[in-house]
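K.L.:
Below: one structure in C-alpha cells.
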Amino acid sequence: MKSRSITGVVAALTAAGLLASCSSSGTKAASSGSPTAKTSAPAAEKVSISVASLLPGSTPAAVKQFQAQVAEFEKAYPTIKIKSEQYQWTGPTFAAKLAAGTLPTVFTVPFTDGRTLGENGQLADLTSQAKALPYFSKYNPQVIAEGTTSDGKVIALPTAAYAQALHYNRTLFKQAGLDPDKPPTTWDEVVADAKQITAKTGKAGFAEMGKNDNSAGWILTTLAYSLGGRMETGTGKASKATLNNDKTKQALQILHKMRWDDKSMGSNFDYGWSDINQAFSAGKVGMYVSGSDVFNSLVSTDKIDASIYGLSTIPIASDPNAGVLGGGTLAAVRPDAKDAEKAAAVKWIDFYYEQPLVDQQGAVRNAQTLKASNQPVGTPALPVFDKAQYDLANTWIKSYINVPQAQMKSFTDNVFGQKLAAEPAASTQSVYHALDTVVQAVLTQQGANIDSLLQSANDSAQSAISQGK
Amino acid sequence: MTRTVPERSSVSVTDPTRSTAPPAAASSHEDGAAVRSQTPRRRRRFGTPRTWVRGGGLTSLLFLLPMLLIFGAFSWYPIVRTVIMSLQHTNLVQPATWVGLDNFRTVLNDPLFPIALKNTGYFALLALIFGYPIPLAAAVLMSEARRFRGIYSALAYLPVVIPPVVAVLLWKTFYDASPQGVFNSILGWVHLGPYPWLQSQSWAMPSLVMESTWANAGGTIIIYLAALTGVNRELYEAAAVDGAGLWHKVWHITMPQLRGVLLVTLILQIIGTAQVFLEPFLFTSGGPTNSTMTIMLLIYNYAFGNSLGGDYGAATALSLMLAGFLALLSLVYLRVTRSWST
C-alpha cells in the first residue's frame with residue numbers, strides 16, 4: 001500500500017523530470033558545437049548538412065522529386081553532402097527541437113519569430129555568407145528586414161511572403177444567392193454576406209480561428225490592422241502595447257455582432273490553423289481569414305475541391321493607417337553550425353528556396369517538380385524581391401500553372417494596391433497569445449466585457465514585451 | 001554488546017598506531033583509507049569491504065547495476081536536473097544563469113496560476129464525483145451478474161485499450177457543437193440541446209471529465225472486480241440468511257471488505273487528476289478563455305507554448321511545486337487513513 005502511493009509520487013516526479021531530461025541532452029548537443037565553431041574546415045573538405053525537406057506525410061512522388069533536387073545539388077556542389085529530414089514548423093515542436101538541439105542544419109521559421117530568435121542568439125549569424133549572394137541587394141527591404149536583427153546581422157533569408165486574405169466558398173455564395181465573382185469589399189458587406197449565407201444554407205457564413213495557440217490573436221490582429229489599428233508602438237523591449245486601441249475593439253464588436261446577433265459564425269469557435277482549413281475544405285464555412293498562400297495546404301493536406309475556392313483581399317477601411325497584415329517564411333540555420341556548414345547551408349538555401357524566385361532555370365525546375373507530384377503551382381504570393389521580379393518569375397512558369405487563377409482574381413487584382421503592414425515586432429507571439437483569450441471570451445460569452453478583456457490582455461502583453469518574452 | 005566490545009578495543013588499538021605512525025606512512029592514501037574503513041560506525045553498518053565482497057555484495061551490485069543505471073539516467077538524473085533548472089534562467093541554447101527563487105516567484109505571480117489551480121481542483125472534484133463511484137457501482141453490479149460476466153468486463157475495459165489520443169480526438173468529433181454533431185443529434189431525438197460542449201466556459205470542463213471517466217473507468221473496474229473475488233461468499237450467504245437485501249450486503253460486506261483497495265484507488269485517482277493534461281491539451285488547449293487551463297497544461301505552456309523557446313525555469317519550478325504538493329498529500333493521506341486501511 002505504501003509503496004504503491006510512493007510509486008505514484010515518483011511517477012509525478014518523473015513526469016516533472018522528463019521535461020528536464022529531454023532538454024538536458026539538448027544543452028550538451030547545442031553547446032558541443034560552439035567551442036569548435038571558430039575552426040573552419042578548408043574549402044575542399046567534405047561537409048555534411050541536414051536540411052528540412054517536405055511536410056511529414058508527403059506523397060512518394062513528392063519525396064522522389066525532392067531527392068532528385070538533392071542529387072542535382074550534390075552534383076553541382078560535390079563537397080557538400082545533404083541529408084534531408086521531414087519538417088513542419090509548429091510552435092511547440094519547434095521550441096522543443098530548438099531546445100533539444102535536434103533541428104536540421106537548415107530549417108524554416110515564420111516571419112513572426114525570425115528576428116526575435118536572432119536577437120536571442122538562437123539562430124546562426126549568416127551575414128557574410130548572405131551578403132555574398134549576387135541578388136542580396138535586390139531583396140525587398142521590408143522583407144529582408146524580417147531576417148535582420150536590430151544590430152544589422154542577417155540571421156535568416158526570406159523564402160516566401162504572403163498577405164492575409166479572405167478565402168470564400170464560391171458554391172455557398174451561389175447557394176446563398178450571392179455573386180461568387182463579387183466577394184465583399186467592406187466589413188459591412190462581410191457581415192451582411194455571412195448573415196445571408198447562414199440564413200440560406202445553414203452553414204457558418206464567417207468562421208474565425210479561435211484556438212488558444214496564438215492563431216485567434218493573429219486573426220484578430222489582421223482584423224484590427226484592416227481597420228487601422230496597431231498592437232504596438234516603439235521598438236524592442238521599450239515598445240508600448242496598444243492592444244486596447246479603438247480599432248481592436250471595433251473588430252471585436254464586428255465579431256460579436258456576427259456571433260450573437262446574426263448567429264452567422266456557426267457553432268464551433270475553437271478552430272486552429274489546420275482545423276479551419278479542414279472545415280473550409282469540407283464546405284462548412286462560407287468565409288474565413290488566413291494567409292494568401294493557404295490554398296497550397298488546402299490542396300496538399302485537405303484535398304479541397306478547387307472549384308469551390310475563391311480568394312479575395314481583406315477589406316481595408318478608409319483609415320489612413322488601415323493595412324493588410326503580411327507574413328512569410330524564412331530559412332535559417334542552427335546556431336551551432338560551423339563556418340563550413342553555414343556556407344553549405346546558404347548554398348542550399350540559395351539553390352532550393354531562392355533560385356526558383358530569381359532564376360528561370362530554377363523556377364522551371366521547381367514548377368516541374370511541384371506539378372509532377374500534383375502540388376499547386378501559381379498560388380498567389382507576395383514578392384520576396386520586387387514586383388517586377390515577381391511578375392517575371394511568374395511568366396517563366398506560366399505553362400505549369402495548375403491553380404484556378406481566375407478564382408483568385410479579386411485578390412491578385414487588388415493586393416498590390418493595399419498597404420502592407422508587418423506583424424507586431426516585439427514579443428509577437430505573446431501579443432497574439434494575450435489576444436487569444438479576448439477572442440475566445442467574445443465568441444463564447446455573450447456578455448463579455450470587451451473593454452476590461454482588452455485592458456488585461458494589454459497588461460499581459462506589455463509585461464511580456466518588457467521582459468523580452 | 002559482546003560484539004561491540006572487541007570493536008571498540010580495536011579502535012583503541014588502531015588509533016594509537018595511526019597517531020604514532022611515521023609521517024611518511026600516515027600520508028599514504030591507502031593506509032589512511034584502510035584505517036578509516038575500520039572506524040566503528042562504518043563497520044557496524046556495512047562490515048569491512050572484504051566481508052561485503054565475501055557476502056556476495058559484488059554479485060548483488062552487478063544485478064542491481066542495470067536498474068541503477070536506467071533509473072539513474074531516466075528518473076533520478078532528470079529529477080536532479082529539474083531541481084537545478086528551476087533555479088536557473090535558460091533557453092537551453094545559451095549558457096544558463098542562476099536566478100535563485102525567481103522562477104518560483106514568476107509562477108506564483110502569474111495570474112494564470114490561481115486559475116489553473118482552481119481548474120485542476122474543479123476537474124479533480126468532478127472526476128471524484130463521477131469517476132470514483134461509477135466504476136465501483138459497475139464492478140459490484142458486474143460481479144452480481146451470473147452470465148456474460150466476461151463480456152461485461154471486456155466491454156468495460158475496451159475504452160482503456162483505445163489509445164488515449166485517439167479516444168480524445170474521437171470524442172472531440174462527438175462534441176461537435178453544431179446541431180449535426182453526434183451527441184447533439186442523439187440528444188435532439190429526445191428534444192434536448194443543441195449543447196455547446198467544448199465551446200462554452202461552463203460546459204467545457206464537465207465535457208472533459210465525461211470523456212476522462214469513460215476512458216479511465218475500465219482500469220478501475222478491473223481492480224475492483226479482482227478485489228471482489230477476494231470477498232468471502234459465505235459472508236453474503238450469512239447476510240442473506242439474516243435477511244439482508246442487496247444494498248445492505250453492499251454497505252455492510254462489500255464496502256468494508258474493499259476498504260484497502262478503495263483507499264488506494266482514491267489516492268491514485270487524486271494524484272492522476274492533479275496531473276490531468278491530455279484532455280485539456282487535446283480538447284481545448286485550455287480554452288475557452290482559460291476555463292480548462294490546468295496545472296500540467298500551464299507547465300507545458302511555460303516550456304513549449306512559446307515557439308521562441310520557453311520558460312523552462314518556470315516550468316520546472318511549477319513541476320517541483322506540484323510534485324512536492326502531491327508527495328505531501330500522499331504522506332498526509334497515508335497517515336490519516338493508516339488506521340482504516342487494514
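Naming scheme: A, B, ... for chains in displayed order of the C-alpha cells; residues 1 onward per chain; ligands 1 onward as shown.
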Identify every residue of chain B that has at least one atom within 8 Å of any atom of chain A, counting only C-alpha atoms, and report the result as a PyMOL selection string.
P.N.:
chain B and resi 74-82+85+91-94+176-178+196+199-201+264+267-268+271+275+284-290+304-310+316+319-320+323+326-327+330+334
K.L.:
Neighbours of Tyr77 of chain A within 12 Å (only C-alpha atoms; same-chain residues fewer than 3 positions away dropped), as a PDB file with all heavy atoms, in the first residue's frame?
P.N.:
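Final output, out11.pdb:
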ATOM      1  N   ALA A  43      38.274  24.704 -47.686  1.00  0.00           N
ATOM      2  CA  ALA A  43      37.186  24.756 -48.651  1.00  0.00           C
ATOM      3  C   ALA A  43      36.950  23.407 -49.336  1.00  0.00           C
ATOM      4  O   ALA A  43      35.828  23.050 -49.619  1.00  0.00           O
ATOM      5  CB  ALA A  43      37.484  25.818 -49.694  1.00  0.00           C
ATOM      6  N   ALA A  44      38.005  22.658 -49.565  1.00  0.00           N
ATOM      7  CA  ALA A  44      37.867  21.430 -50.331  1.00  0.00           C
ATOM      8  C   ALA A  44      37.299  20.289 -49.494  1.00  0.00           C
ATOM      9  O   ALA A  44      36.850  19.289 -50.051  1.00  0.00           O
ATOM     10  CB  ALA A  44      39.213  21.025 -50.912  1.00  0.00           C
ATOM     11  N   GLU A  45      37.321  20.451 -48.176  1.00  0.00           N
ATOM     12  CA  GLU A  45      36.917  19.351 -47.320  1.00  0.00           C
ATOM     13  C   GLU A  45      35.416  19.076 -47.465  1.00  0.00           C
ATOM     14  O   GLU A  45      34.615  19.982 -47.671  1.00  0.00           O
ATOM     15  CB  GLU A  45      37.232  19.690 -45.866  1.00  0.00           C
ATOM     16  CG  GLU A  45      37.346  18.467 -44.986  1.00  0.00           C
ATOM     17  CD  GLU A  45      37.921  18.849 -43.627  1.00  0.00           C
ATOM     18  OE1 GLU A  45      39.069  19.309 -43.598  1.00  0.00           O
ATOM     19  OE2 GLU A  45      37.200  18.723 -42.642  1.00  0.00           O
ATOM     20  N   LYS A  46      35.045  17.806 -47.328  1.00  0.00           N
ATOM     21  CA  LYS A  46      33.636  17.423 -47.437  1.00  0.00           C
ATOM     22  C   LYS A  46      32.871  17.946 -46.227  1.00  0.00           C
ATOM     23  O   LYS A  46      33.361  17.881 -45.106  1.00  0.00           O
ATOM     24  CB  LYS A  46      33.529  15.900 -47.473  1.00  0.00           C
ATOM     25  CG  LYS A  46      33.787  15.318 -48.854  1.00  0.00           C
ATOM     26  CD  LYS A  46      32.591  14.458 -49.285  1.00  0.00           C
ATOM     27  CE  LYS A  46      32.749  14.017 -50.730  1.00  0.00           C
ATOM     28  NZ  LYS A  46      31.464  13.681 -51.330  1.00  0.00           N
ATOM     29  N   VAL A  47      31.696  18.472 -46.473  1.00  0.00           N
ATOM     30  CA  VAL A  47      30.870  18.899 -45.356  1.00  0.00           C
ATOM     31  C   VAL A  47      29.471  18.314 -45.550  1.00  0.00           C
ATOM     32  O   VAL A  47      28.973  18.210 -46.665  1.00  0.00           O
ATOM     33  CB  VAL A  47      30.847  20.443 -45.224  1.00  0.00           C
ATOM     34  CG1 VAL A  47      30.415  21.089 -46.528  1.00  0.00           C
ATOM     35  CG2 VAL A  47      29.951  20.887 -44.096  1.00  0.00           C
ATOM     36  N   SER A  48      28.908  17.884 -44.422  1.00  0.00           N
ATOM     37  CA  SER A  48      27.608  17.245 -44.484  1.00  0.00           C
ATOM     38  C   SER A  48      26.606  18.068 -43.676  1.00  0.00           C
ATOM     39  O   SER A  48      26.882  18.426 -42.531  1.00  0.00           O
ATOM     40  CB  SER A  48      27.741  15.827 -43.920  1.00  0.00           C
ATOM     41  OG  SER A  48      26.479  15.284 -43.717  1.00  0.00           O
ATOM     42  N   VAL A  70      17.957  17.108 -54.540  1.00  0.00           N
ATOM     43  CA  VAL A  70      19.141  16.913 -53.711  1.00  0.00           C
ATOM     44  C   VAL A  70      20.291  16.384 -54.560  1.00  0.00           C
ATOM     45  O   VAL A  70      21.421  16.874 -54.485  1.00  0.00           O
ATOM     46  CB  VAL A  70      18.840  15.945 -52.541  1.00  0.00           C
ATOM     47  CG1 VAL A  70      20.133  15.515 -51.844  1.00  0.00           C
ATOM     48  CG2 VAL A  70      17.889  16.582 -51.538  1.00  0.00           C
ATOM     49  N   ALA A  71      19.973  15.415 -55.420  1.00  0.00           N
ATOM     50  CA  ALA A  71      21.014  14.827 -56.266  1.00  0.00           C
ATOM     51  C   ALA A  71      21.622  15.893 -57.177  1.00  0.00           C
ATOM     52  O   ALA A  71      22.842  15.979 -57.344  1.00  0.00           O
ATOM     53  CB  ALA A  71      20.412  13.694 -57.097  1.00  0.00           C
ATOM     54  N   GLU A  72      20.748  16.736 -57.724  1.00  0.00           N
ATOM     55  CA  GLU A  72      21.221  17.798 -58.609  1.00  0.00           C
ATOM     56  C   GLU A  72      22.130  18.767 -57.846  1.00  0.00           C
ATOM     57  O   GLU A  72      23.175  19.194 -58.348  1.00  0.00           O
ATOM     58  CB  GLU A  72      20.010  18.539 -59.175  1.00  0.00           C
ATOM     59  CG  GLU A  72      20.286  19.218 -60.502  1.00  0.00           C
ATOM     60  CD  GLU A  72      18.995  19.794 -61.084  1.00  0.00           C
ATOM     61  OE1 GLU A  72      17.951  19.113 -60.995  1.00  0.00           O
ATOM     62  OE2 GLU A  72      19.044  20.912 -61.592  1.00  0.00           O
ATOM     63  N   PHE A  73      21.721  19.077 -56.621  1.00  0.00           N
ATOM     64  CA  PHE A  73      22.525  19.990 -55.796  1.00  0.00           C
ATOM     65  C   PHE A  73      23.896  19.380 -55.496  1.00  0.00           C
ATOM     66  O   PHE A  73      24.934  20.039 -55.610  1.00  0.00           O
ATOM     67  CB  PHE A  73      21.786  20.289 -54.487  1.00  0.00           C
ATOM     68  CG  PHE A  73      22.558  21.160 -53.527  1.00  0.00           C
ATOM     69  CD1 PHE A  73      22.590  22.536 -53.681  1.00  0.00           C
ATOM     70  CD2 PHE A  73      23.255  20.599 -52.470  1.00  0.00           C
ATOM     71  CE1 PHE A  73      23.301  23.338 -52.802  1.00  0.00           C
ATOM     72  CE2 PHE A  73      23.969  21.392 -51.588  1.00  0.00           C
ATOM     73  CZ  PHE A  73      23.989  22.767 -51.761  1.00  0.00           C
ATOM     74  N   GLU A  74      23.881  18.095 -55.121  1.00  0.00           N
ATOM     75  CA  GLU A  74      25.149  17.439 -54.764  1.00  0.00           C
ATOM     76  C   GLU A  74      26.068  17.328 -55.977  1.00  0.00           C
ATOM     77  O   GLU A  74      27.289  17.301 -55.837  1.00  0.00           O
ATOM     78  CB  GLU A  74      24.877  16.068 -54.146  1.00  0.00           C
ATOM     79  CG  GLU A  74      24.307  16.191 -52.732  1.00  0.00           C
ATOM     80  CD  GLU A  74      23.994  14.866 -52.079  1.00  0.00           C
ATOM     81  OE1 GLU A  74      23.802  13.871 -52.797  1.00  0.00           O
ATOM     82  OE2 GLU A  74      23.930  14.829 -50.850  1.00  0.00           O
ATOM     83  N   ILE A  80      29.588  18.915 -50.825  1.00  0.00           N
ATOM     84  CA  ILE A  80      28.514  19.011 -49.831  1.00  0.00           C
ATOM     85  C   ILE A  80      27.620  17.782 -49.894  1.00  0.00           C
ATOM     86  O   ILE A  80      27.189  17.362 -50.967  1.00  0.00           O
ATOM     87  CB  ILE A  80      27.662  20.278 -50.058  1.00  0.00           C
ATOM     88  CG1 ILE A  80      28.547  21.522 -49.977  1.00  0.00           C
ATOM     89  CG2 ILE A  80      26.546  20.362 -49.025  1.00  0.00           C
ATOM     90  CD1 ILE A  80      27.844  22.802 -50.370  1.00  0.00           C
ATOM     91  N   LYS A  81      27.393  17.205 -48.733  1.00  0.00           N
ATOM     92  CA  LYS A  81      26.510  16.040 -48.647  1.00  0.00           C
ATOM     93  C   LYS A  81      25.227  16.468 -47.935  1.00  0.00           C
ATOM     94  O   LYS A  81      25.265  17.046 -46.853  1.00  0.00           O
ATOM     95  CB  LYS A  81      27.227  14.940 -47.859  1.00  0.00           C
ATOM     96  CG  LYS A  81      26.423  13.687 -47.624  1.00  0.00           C
ATOM     97  CD  LYS A  81      26.759  12.596 -48.643  1.00  0.00           C
ATOM     98  CE  LYS A  81      25.811  11.412 -48.520  1.00  0.00           C
ATOM     99  NZ  LYS A  81      24.447  11.684 -49.027  1.00  0.00           N
ATOM    100  N   ILE A  82      24.078  16.207 -48.545  1.00  0.00           N
ATOM    101  CA  ILE A  82      22.791  16.637 -47.982  1.00  0.00           C
ATOM    102  C   ILE A  82      22.056  15.455 -47.371  1.00  0.00           C
ATOM    103  O   ILE A  82      21.913  14.407 -47.999  1.00  0.00           O
ATOM    104  CB  ILE A  82      21.895  17.246 -49.086  1.00  0.00           C
ATOM    105  CG1 ILE A  82      22.513  18.500 -49.676  1.00  0.00           C
ATOM    106  CG2 ILE A  82      20.503  17.539 -48.552  1.00  0.00           C
ATOM    107  CD1 ILE A  82      22.460  19.706 -48.783  1.00  0.00           C
ATOM    108  N   ALA A 343      28.294  27.909 -44.706  1.00  0.00           N
ATOM    109  CA  ALA A 343      28.483  28.194 -46.128  1.00  0.00           C
ATOM    110  C   ALA A 343      27.674  27.214 -46.964  1.00  0.00           C
ATOM    111  O   ALA A 343      26.960  27.608 -47.904  1.00  0.00           O
ATOM    112  CB  ALA A 343      29.962  28.103 -46.484  1.00  0.00           C
ATOM    113  N   ALA A 344      27.737  25.923 -46.601  1.00  0.00           N
ATOM    114  CA  ALA A 344      26.981  24.910 -47.324  1.00  0.00           C
ATOM    115  C   ALA A 344      25.486  25.168 -47.190  1.00  0.00           C
ATOM    116  O   ALA A 344      24.729  25.036 -48.156  1.00  0.00           O
ATOM    117  CB  ALA A 344      27.336  23.523 -46.802  1.00  0.00           C
ATOM    118  N   ALA A 345      25.058  25.568 -45.983  1.00  0.00           N
ATOM    119  CA  ALA A 345      23.644  25.804 -45.725  1.00  0.00           C
ATOM    120  C   ALA A 345      23.119  26.936 -46.606  1.00  0.00           C
ATOM    121  O   ALA A 345      22.032  26.840 -47.186  1.00  0.00           O
ATOM    122  CB  ALA A 345      23.423  26.131 -44.254  1.00  0.00           C
ATOM    123  N   LYS A 347      24.351  27.882 -49.415  1.00  0.00           N
ATOM    124  CA  LYS A 347      24.312  27.390 -50.812  1.00  0.00           C
ATOM    125  C   LYS A 347      23.016  26.619 -51.055  1.00  0.00           C
ATOM    126  O   LYS A 347      22.397  26.737 -52.104  1.00  0.00           O
ATOM    127  CB  LYS A 347      25.521  26.496 -51.091  1.00  0.00           C
ATOM    128  CG  LYS A 347      26.810  27.278 -51.232  1.00  0.00           C
ATOM    129  CD  LYS A 347      27.881  26.446 -51.935  1.00  0.00           C
ATOM    130  CE  LYS A 347      29.157  27.231 -52.119  1.00  0.00           C
ATOM    131  NZ  LYS A 347      29.982  27.246 -50.877  1.00  0.00           N
ATOM    132  N   TRP A 348      22.602  25.810 -50.064  1.00  0.00           N
ATOM    133  CA  TRP A 348      21.357  25.051 -50.197  1.00  0.00           C
ATOM    134  C   TRP A 348      20.150  25.984 -50.224  1.00  0.00           C
ATOM    135  O   TRP A 348      19.239  25.829 -51.050  1.00  0.00           O
ATOM    136  CB  TRP A 348      21.226  24.027 -49.064  1.00  0.00           C
ATOM    137  CG  TRP A 348      19.866  23.388 -49.034  1.00  0.00           C
ATOM    138  CD1 TRP A 348      18.847  23.668 -48.186  1.00  0.00           C
ATOM    139  CD2 TRP A 348      19.361  22.400 -49.934  1.00  0.00           C
ATOM    140  NE1 TRP A 348      17.745  22.918 -48.479  1.00  0.00           N
ATOM    141  CE2 TRP A 348      18.030  22.125 -49.553  1.00  0.00           C
ATOM    142  CE3 TRP A 348      19.905  21.716 -51.022  1.00  0.00           C
ATOM    143  CZ2 TRP A 348      17.236  21.200 -50.220  1.00  0.00           C
ATOM    144  CZ3 TRP A 348      19.097  20.793 -51.683  1.00  0.00           C
ATOM    145  CH2 TRP A 348      17.786  20.542 -51.280  1.00  0.00           C
ATOM    146  N   PHE A 351      20.006  27.470 -53.566  1.00  0.00           N
ATOM    147  CA  PHE A 351      19.594  26.522 -54.600  1.00  0.00           C
ATOM    148  C   PHE A 351      18.114  26.169 -54.493  1.00  0.00           C
ATOM    149  O   PHE A 351      17.364  26.239 -55.464  1.00  0.00           O
ATOM    150  CB  PHE A 351      20.443  25.252 -54.474  1.00  0.00           C
ATOM    151  CG  PHE A 351      20.019  24.140 -55.400  1.00  0.00           C
ATOM    152  CD1 PHE A 351      20.513  24.080 -56.701  1.00  0.00           C
ATOM    153  CD2 PHE A 351      19.130  23.153 -54.983  1.00  0.00           C
ATOM    154  CE1 PHE A 351      20.126  23.058 -57.556  1.00  0.00           C
ATOM    155  CE2 PHE A 351      18.741  22.133 -55.831  1.00  0.00           C
ATOM    156  CZ  PHE A 351      19.244  22.082 -57.122  1.00  0.00           C
TER     157      PHE A 351
END
K.L.:
What is the distance, in Å and to one decimal place, between atom CA of Lys174 of chain A and atom CA of Ile304 of chain A?
P.N.:
17.6 Å
K.L.:
At a cut-off of 10 Å, using only C-alpha atoms, what residues contact Phe183 of chain B? Leave out same-chain residues fewer than 3 positions from it and give the result as a ChimeraX atom specification.
P.N.:
/B:171,173-180,186-188,193-195,197
K.L.:
Write a file of the just-selected residues containing all heavy atoms, as a CSV table (one decimal), in the first residue's frame.
P.N.:
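out_0.csv was written with the following content:
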chain,number,residue,atom,x,y,z
B,171,TRP,N,-13.8,11.7,-29.4
B,171,TRP,CA,-14.8,12.5,-28.6
B,171,TRP,C,-14.9,13.9,-29.0
B,171,TRP,O,-16.0,14.5,-28.9
B,171,TRP,CB,-14.5,12.4,-27.1
B,171,TRP,CG,-15.0,11.1,-26.5
B,171,TRP,CD1,-14.6,9.9,-26.7
B,171,TRP,CD2,-16.0,11.0,-25.5
B,171,TRP,NE1,-15.3,9.0,-26.0
B,171,TRP,CE2,-16.2,9.6,-25.2
B,171,TRP,CE3,-16.8,11.9,-24.8
B,171,TRP,CZ2,-17.1,9.2,-24.3
B,171,TRP,CZ3,-17.8,11.5,-23.9
B,171,TRP,CH2,-17.9,10.1,-23.6
B,173,THR,N,-14.9,14.9,-32.0
B,173,THR,CA,-15.8,14.9,-33.1
B,173,THR,C,-17.3,14.8,-32.5
B,173,THR,O,-18.2,15.4,-33.0
B,173,THR,CB,-15.5,13.7,-34.0
B,173,THR,OG1,-14.1,13.6,-34.2
B,173,THR,CG2,-16.2,13.9,-35.4
B,174,PHE,N,-17.4,13.9,-31.5
B,174,PHE,CA,-18.7,13.7,-30.9
B,174,PHE,C,-19.2,15.0,-30.3
B,174,PHE,O,-20.4,15.3,-30.4
B,174,PHE,CB,-18.7,12.7,-29.8
B,174,PHE,CG,-18.3,11.3,-30.2
B,174,PHE,CD1,-18.0,10.3,-29.3
B,174,PHE,CD2,-18.4,10.9,-31.5
B,174,PHE,CE1,-17.7,9.0,-29.7
B,174,PHE,CE2,-18.1,9.6,-31.9
B,174,PHE,CZ,-17.7,8.7,-31.0
B,175,TYR,N,-18.3,15.8,-29.8
B,175,TYR,CA,-18.7,17.0,-29.1
B,175,TYR,C,-18.9,18.2,-30.1
B,175,TYR,O,-19.1,19.3,-29.6
B,175,TYR,CB,-17.5,17.4,-28.2
B,175,TYR,CG,-17.6,16.7,-26.8
B,175,TYR,CD1,-16.4,16.4,-26.2
B,175,TYR,CD2,-18.8,16.5,-26.2
B,175,TYR,CE1,-16.4,15.8,-24.9
B,175,TYR,CE2,-18.8,15.8,-24.9
B,175,TYR,CZ,-17.6,15.5,-24.3
B,175,TYR,OH,-17.6,14.9,-23.1
B,176,ASP,N,-18.9,17.9,-31.4
B,176,ASP,CA,-19.2,19.0,-32.4
B,176,ASP,C,-20.5,19.7,-31.9
B,176,ASP,O,-21.5,19.1,-31.7
B,176,ASP,CB,-19.5,18.4,-33.7
B,176,ASP,CG,-19.6,19.4,-34.8
B,176,ASP,OD1,-20.0,20.6,-34.5
B,176,ASP,OD2,-19.4,19.1,-36.0
B,177,ALA,N,-20.3,21.1,-31.8
B,177,ALA,CA,-21.4,21.8,-31.1
B,177,ALA,C,-22.6,22.2,-32.1
B,177,ALA,O,-23.6,22.7,-31.7
B,177,ALA,CB,-20.8,23.1,-30.5
B,178,SER,N,-22.4,21.9,-33.4
B,178,SER,CA,-23.5,22.2,-34.3
B,178,SER,C,-24.6,21.2,-34.0
B,178,SER,O,-24.4,20.1,-33.5
B,178,SER,CB,-23.0,22.1,-35.7
B,178,SER,OG,-22.7,20.8,-36.1
B,179,PRO,N,-25.8,21.5,-34.5
B,179,PRO,CA,-26.9,20.6,-34.2
B,179,PRO,C,-26.7,19.2,-34.9
B,179,PRO,O,-27.3,18.2,-34.6
B,179,PRO,CB,-28.1,21.3,-34.8
B,179,PRO,CG,-27.7,22.7,-34.9
B,179,PRO,CD,-26.3,22.8,-35.0
B,180,GLN,N,-25.8,19.2,-35.9
B,180,GLN,CA,-25.5,18.0,-36.6
B,180,GLN,C,-24.4,17.1,-35.9
B,180,GLN,O,-24.1,16.0,-36.3
B,180,GLN,CB,-25.0,18.3,-38.0
B,180,GLN,CG,-26.0,18.9,-39.0
B,180,GLN,CD,-26.2,20.4,-38.8
B,180,GLN,OE1,-25.2,21.1,-38.4
B,180,GLN,NE2,-27.4,20.9,-38.9
B,186,ILE,N,-28.1,12.9,-31.2
B,186,ILE,CA,-28.7,11.9,-30.4
B,186,ILE,C,-29.7,12.6,-29.4
B,186,ILE,O,-30.8,12.2,-29.2
B,186,ILE,CB,-27.6,11.1,-29.7
B,186,ILE,CG1,-26.8,10.3,-30.7
B,186,ILE,CG2,-28.3,10.2,-28.6
B,186,ILE,CD1,-25.6,9.6,-30.2
B,187,LEU,N,-29.2,13.6,-28.7
B,187,LEU,CA,-30.0,14.3,-27.8
B,187,LEU,C,-31.2,15.0,-28.4
B,187,LEU,O,-32.2,15.2,-27.8
B,187,LEU,CB,-29.1,15.3,-27.0
B,187,LEU,CG,-28.1,14.7,-26.0
B,187,LEU,CD1,-27.2,15.8,-25.5
B,187,LEU,CD2,-28.8,14.0,-24.9
B,188,GLY,N,-30.9,15.4,-29.7
B,188,GLY,CA,-32.0,16.1,-30.5
B,188,GLY,C,-33.2,15.2,-30.6
B,188,GLY,O,-34.3,15.6,-30.7
B,193,GLY,N,-31.1,20.0,-26.2
B,193,GLY,CA,-30.0,20.7,-26.9
B,193,GLY,C,-30.4,21.5,-28.1
B,193,GLY,O,-31.6,21.9,-28.1
B,194,PRO,N,-29.5,21.9,-29.0
B,194,PRO,CA,-28.1,21.5,-29.0
B,194,PRO,C,-27.3,22.2,-27.9
B,194,PRO,O,-27.5,23.3,-27.5
B,194,PRO,CB,-27.6,22.0,-30.4
B,194,PRO,CG,-28.5,23.1,-30.7
B,194,PRO,CD,-29.8,22.8,-30.1
B,195,TYR,N,-26.3,21.4,-27.4
B,195,TYR,CA,-25.5,22.0,-26.3
B,195,TYR,C,-24.1,22.4,-26.8
B,195,TYR,O,-23.7,21.8,-27.8
B,195,TYR,CB,-25.3,20.9,-25.2
B,195,TYR,CG,-26.6,20.5,-24.5
B,195,TYR,CD1,-27.2,19.3,-24.7
B,195,TYR,CD2,-27.2,21.5,-23.7
B,195,TYR,CE1,-28.4,19.0,-24.1
B,195,TYR,CE2,-28.4,21.1,-23.1
B,195,TYR,CZ,-29.0,19.9,-23.3
B,195,TYR,OH,-30.2,19.6,-22.7
B,197,TRP,N,-21.1,22.0,-25.5
B,197,TRP,CA,-20.0,21.2,-25.2
B,197,TRP,C,-18.7,21.9,-25.0
B,197,TRP,O,-18.6,22.7,-24.0
B,197,TRP,CB,-19.8,20.1,-26.3
B,197,TRP,CG,-21.0,19.2,-26.5
B,197,TRP,CD1,-21.8,19.2,-27.6
B,197,TRP,CD2,-21.7,18.4,-25.5
B,197,TRP,NE1,-22.8,18.4,-27.4
B,197,TRP,CE2,-22.8,17.9,-26.2
B,197,TRP,CE3,-21.5,18.0,-24.2
B,197,TRP,CZ2,-23.7,17.0,-25.5
B,197,TRP,CZ3,-22.3,17.2,-23.6
B,197,TRP,CH2,-23.4,16.7,-24.2
K.L.:
Would you return as a PyMOL selection string the members of segment 12-226 of chain B that DSSP assigns to alpha helix (DSSP H) on this structure's backbone?
P.N.:
chain B and resi 12-20+23-27+29-37+40-46+49-54+57-71+77-85+102-109+112-126+133-144+149-161+164-174+182-189+201-226
K.L.:
From a backbone DSSP assignment, name each residue in segment 23-239 of chain B labelled strand (DSSP E), as a short mmCIF file (atom, residue, chain, number, x, y, z; two decimals) with C-alpha atoms, in the first residue's frame.
P.N.:
data_model
loop_
_atom_site.label_atom_id
_atom_site.label_comp_id
_atom_site.auth_asym_id
_atom_site.auth_seq_id
_atom_site.Cartn_x
_atom_site.Cartn_y
_atom_site.Cartn_z
CA GLN B 88 18.15 28.86 -13.49
CA HIS B 89 17.16 31.04 -16.37
CA THR B 97 22.26 31.89 -15.44
CA TRP B 98 21.41 31.32 -11.78
#
K.L.:
Find the residues around segment 246-248 of chain A up to 10 Å (only C-alpha atoms counted), leave out those fewer than 6 positions away in its own chain, and share them as an NGL selection string.
P.N.:
:A and (220-231 or 254 or 322 or 435 or 450-451 or 454)
